[in-house]
Every structure is written in C-alpha cells, then in structure tokens.
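Asker: One structure, pasted below without further comment.
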Amino acid sequence: MQARAVARACRTATLATSMAGDPGQPYASLVLVAFDLDATPLLLVSTLADHTRNIAADNRVSLLCDGTLGHDEPLTGPRVSLLGRAEKTDEPRHRARYLARHPSAEGYAGFKDFAFYKIIVERAHIVAGFGRIHWFDDYLLPAPQALIDAEAGILEHMNTDHADAVQLYANRLLGKNGDGWRLCGIDPEGCDLICGHELARLPFDTLVQDAESARAELVRLVKQARAAG
C-alpha cells in the first residue's frame, strides 16, 4: 500500500494535538517518528512538551507524513495523514525499533521525563497527487509473529556477516552515496537502511513472513544489485 510506503520512509512527521485548556485549538509540532512492523507509528516525547500535555488531556491525534521531498511541485507529491489515539508503550520492540532508526535518541531515551508512545491508527487519508485523494481504515498490515521474533537476528546477521550486501542495496538499488549503510529494520513489505542521519527504504517484491522468506528476498535483492553493477 502506498500510504504505508510513504509513512515508513519518513524520519520526521507533523503531530497535531488539541491544546489542553483550550479544547478545539489545534497545535502542530515536529516529531521524530519510527514504525512498528505493522506500520504503527512510534514516538519518543518529553512529558514537558506541549504535545505530551495535550495528549494527556485528549489522546486523539493526527500525524502527517510528508513524502513530497524532491518534487519540484510539492503538491504533486504524496502525503499521508494518520488519525488515531496516542498511548504510552513499554514494549521493548518499540524502543528497539525507534532507537535503531534514531540512534542519537539513545542519549535521552532513558530520562524520566521521556516516554515512548504508539499511535493506534483508526483512519488514514492519502493525497497521492492532484485528484488522487482517498480515506481508508485498513492502513495497518498485521505482521506475522515469526517475522517479529526473527527481526533482531536478521538485522544482526546482515549487518555483521553481509555488510557488503547492505552496501550494494544502498548504492546500486537506491542510488545512495557513501559507505557504512546498515539495516535498521525489516517488516513484511521491505527493510530500512541507515547511514548517519540519512534513512532509505528498500521495498520487497513480495511480502515476507519469517526468517526464511526474508532471507530469500534479501538474496534476490543482492543478486539484482550485483547485476545492476
């Protein structure tokens, strides 16, 4: 689904909340965002921030994921609004996925005034270009438990034993420059690569369900990358 692809490719998003003490007054703020395997948005926010105080009073939120970067005419590019409710999460996987995507957040993630949140998406809205506008309620893609369980091992194996393959994905399939690219996440629809502060998204041709199907797709992609060279 294009909406998930647009969202998963974003490092930042615009979070809209309702001002505490002034109900109905919208408040928008910039946040770093990550995504669970099913594309649930994940945030790390300070309890001192206005948006966090707003969520405590009314946890209804909207998250705008902007995919228009690089378009000469931004309004022709895709963007997705995710509507739902923000809830605190202590799920270790959420912390791990967020920090893999935003390593610099490790320095403050353990502070008492910071907490991880997930957004339980209820509706989504995509603008894919002029006249291509849709509301829908099936944004999430349930992730198989077998893939959830295998993710950490897949990332460790690829980054430790097949760093050259990951580098090929970045350079030859995604047109990214530089060395030191690493996998920082995998889900049924693709994998995320990171190098410094740059993030890249590599889509799969088929949905992966577990370690074996992920391995098959990653092998196919490295063959494709070598052929492209």
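Letters for chains follow the order of the structure tokens (A, B, ...), residue numbers begin at 1 for each chain, and ligand numbers begin at 1 in the order shown.
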Within 7 Å of A:Pro188, counting only C-alpha atoms, which residues qualify if same-chain residues fewer than 2 places away don't, as a VMD selection string?
Answerer: chain A and resid 143 190 207 to 209
Asker: Write out as a list of chain:residue names all residues of stretch 43-86 of chain A that DSSP puts in alpha helix (DSSP H) for this structure's backbone.
Answerer: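 In stretch 43-86 of chain A, DSSP puts these residues in alpha helix (DSSP H): A:Asp50, A:His51, A:Thr52, A:Arg53, A:Asn54, A:Ile55, A:Ala56, A:Ala57.
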Asker: Could those residues be written to a file, using all heavy atoms, as a tab-separated table (two decimals), in the first residue's frame?
Answerer:
chain	number	residue	atom	x	y	z
A	50	ASP	N	4.52	20.49	25.08
A	50	ASP	CA	3.10	20.83	24.98
A	50	ASP	C	2.30	19.69	24.37
A	50	ASP	O	1.19	19.39	24.84
A	50	ASP	CB	2.92	22.09	24.14
A	50	ASP	CG	3.26	23.36	24.91
A	50	ASP	OD1	2.78	23.50	26.04
A	50	ASP	OD2	4.01	24.19	24.37
A	51	HIS	N	2.84	19.03	23.33
A	51	HIS	CA	2.05	17.98	22.69
A	51	HIS	C	1.80	16.81	23.64
A	51	HIS	O	0.76	16.15	23.54
A	51	HIS	CB	2.66	17.51	21.36
A	51	HIS	CG	4.10	17.17	21.41
A	51	HIS	ND1	5.01	17.68	20.52
A	51	HIS	CD2	4.80	16.36	22.23
A	51	HIS	CE1	6.21	17.19	20.77
A	51	HIS	NE2	6.10	16.38	21.80
A	52	THR	N	2.73	16.54	24.56
A	52	THR	CA	2.53	15.45	25.50
A	52	THR	C	1.47	15.82	26.54
A	52	THR	O	0.63	14.98	26.92
A	52	THR	CB	3.84	15.08	26.19
A	52	THR	OG1	4.86	14.93	25.21
A	52	THR	CG2	3.71	13.78	26.96
A	53	ARG	N	1.49	17.06	27.00
A	53	ARG	CA	0.45	17.51	27.92
A	53	ARG	C	-0.92	17.50	27.23
A	53	ARG	O	-1.94	17.16	27.85
A	53	ARG	CB	0.78	18.92	28.44
A	53	ARG	CG	1.97	18.94	29.39
A	53	ARG	CD	2.01	20.26	30.16
A	53	ARG	NE	2.38	21.36	29.29
A	53	ARG	CZ	3.64	21.80	29.15
A	53	ARG	NH1	4.62	21.18	29.81
A	53	ARG	NH2	3.91	22.82	28.37
A	54	ASN	N	-0.92	17.83	25.95
A	54	ASN	CA	-2.18	17.79	25.20
A	54	ASN	C	-2.72	16.36	25.12
A	54	ASN	O	-3.92	16.12	25.28
A	54	ASN	CB	-1.98	18.34	23.80
A	54	ASN	CG	-1.61	19.81	23.79
A	54	ASN	OD1	-1.80	20.52	24.78
A	54	ASN	ND2	-1.08	20.28	22.67
A	55	ILE	N	-1.82	15.41	24.86
A	55	ILE	CA	-2.23	14.00	24.75
A	55	ILE	C	-2.79	13.49	26.07
A	55	ILE	O	-3.73	12.70	26.11
A	55	ILE	CB	-1.03	13.14	24.28
A	55	ILE	CG1	-0.73	13.44	22.80
A	55	ILE	CG2	-1.31	11.66	24.49
A	55	ILE	CD1	0.56	12.83	22.31
A	56	ALA	N	-2.21	13.96	27.18
A	56	ALA	CA	-2.69	13.53	28.49
A	56	ALA	C	-4.14	13.97	28.72
A	56	ALA	O	-4.92	13.28	29.40
A	56	ALA	CB	-1.79	14.10	29.59
A	57	ALA	N	-4.51	15.11	28.13
A	57	ALA	CA	-5.88	15.61	28.28
A	57	ALA	C	-6.82	15.04	27.24
A	57	ALA	O	-8.01	14.83	27.51
A	57	ALA	CB	-5.86	17.14	28.19
Asker: Near A:Glu87, counting only C-alpha atoms, which residues have an atom at most 7 Å away, once you skip same-chain residues fewer than 2 positions from it, shown as an MDAnalysis selection string?
Answerer: chainID A and resid 85 89 117:119
Asker: So which bits of stretch 28-158 of chain A end up strand (DSSP E or B) when you DSSP the backbone, as a ChimeraX atom specification?
Answerer: /A:28-32,34-35,41-46,60-66,79-88,114-127,133-136
Asker: With distances taken over only C-alpha atoms, which of A:Asp210, A:Asp38, A:Glu106, A:Asp58 is nearest to A:Ala20?
Answerer: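 Smallest separation from A:Ala20 among the options: A:Asp58.
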Asker: Counting only C-alpha atoms, what is within 9 Å of A:Ala13, bar same-chain residues fewer than 3 positions away, as a PyMOL selection string?
Answerer: chain A and resi 7+10+29-33+63-66
Asker: Between A:Met1, A:Met19, A:Leu75, A:Phe116, which residue has the minimum interatomic distance to A:Pro92, considering only C-alpha atoms?
Answerer: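 Closest to A:Pro92 of all the choices is A:Phe116.
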Asker: Taking only C-alpha atoms into account, name the residue in A:Ala3, A:Arg182, A:Phe136, A:Gln145 that is nearest to A:Asp161.
Answerer: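 Looking only at the distances to A:Asp161, the closest residue turns out to be A:Arg182.
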Asker: Quote the spacing between atom CA of A:Pro203 and atom CA of A:Thr160 in Å to one decimal place.
Answerer: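 A separation of 21.4 Å between them.
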Asker: Using only C-alpha atoms, which residues sit within 9 Å of A:Ala109 once same-chain residues fewer than 5 positions away are excluded, as number ranges by chain?
Answerer: A: 44-45, 95, 99, 114-116
Asker: Those same residues, written as a compact mmCIF listing (two decimals), in the first residue's frame with C-alpha atoms?
Answerer:
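This went into out_38.txt:
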# COMPACT_ATOMS: atom_id res chain seq x y z
CA LEU A 44 9.56 9.32 21.86
CA VAL A 45 8.39 12.53 23.52
CA ARG A 95 12.04 1.03 21.94
CA LEU A 99 16.41 3.75 18.61
CA PHE A 114 10.72 10.96 28.25
CA ALA A 115 8.33 8.19 27.22
CA PHE A 116 7.59 6.09 24.16
Asker: When you look at A:Arg60 with a cut-off of 9 Å (counting only C-alpha atoms), what residues show up, excluding the ones that are within fewer than 2 positions of it in the same chain? I need them as a list in words.
Answerer: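 The neighbour list is Ala16, Thr17, Ser18, Ile55, Asp58, Ser62, Leu83, Gly84, Arg85 and Ala86 of chain A.
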Asker: Within 8 Å of A:Gln167, counting only C-alpha atoms, which residues qualify if same-chain residues fewer than 2 places away don't, as a VMD selection string?
Answerer: chain A and resid 163 to 165 169 to 171 179 to 182
Asker: Work out how far apart atom CA of A:Leu155 and atom CA of A:Ala200 are and give it in Å to one decimal.
Answerer: 15.2 Å
Asker: Mind pulling up the distance from atom CA of A:His162 to atom CA of A:Ile194?
Answerer: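 Between atom CA of A:Ile194 and atom CA of A:His162 the gap is 15.0 Å.
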Asker: Considering only C-alpha atoms, state which residue in the set A:Gly110, A:Pro26, A:Gly129, A:Pro103 is at the smallest distance from A:Pro74.
Answerer: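 The closest residue to A:Pro74 is A:Gly129.
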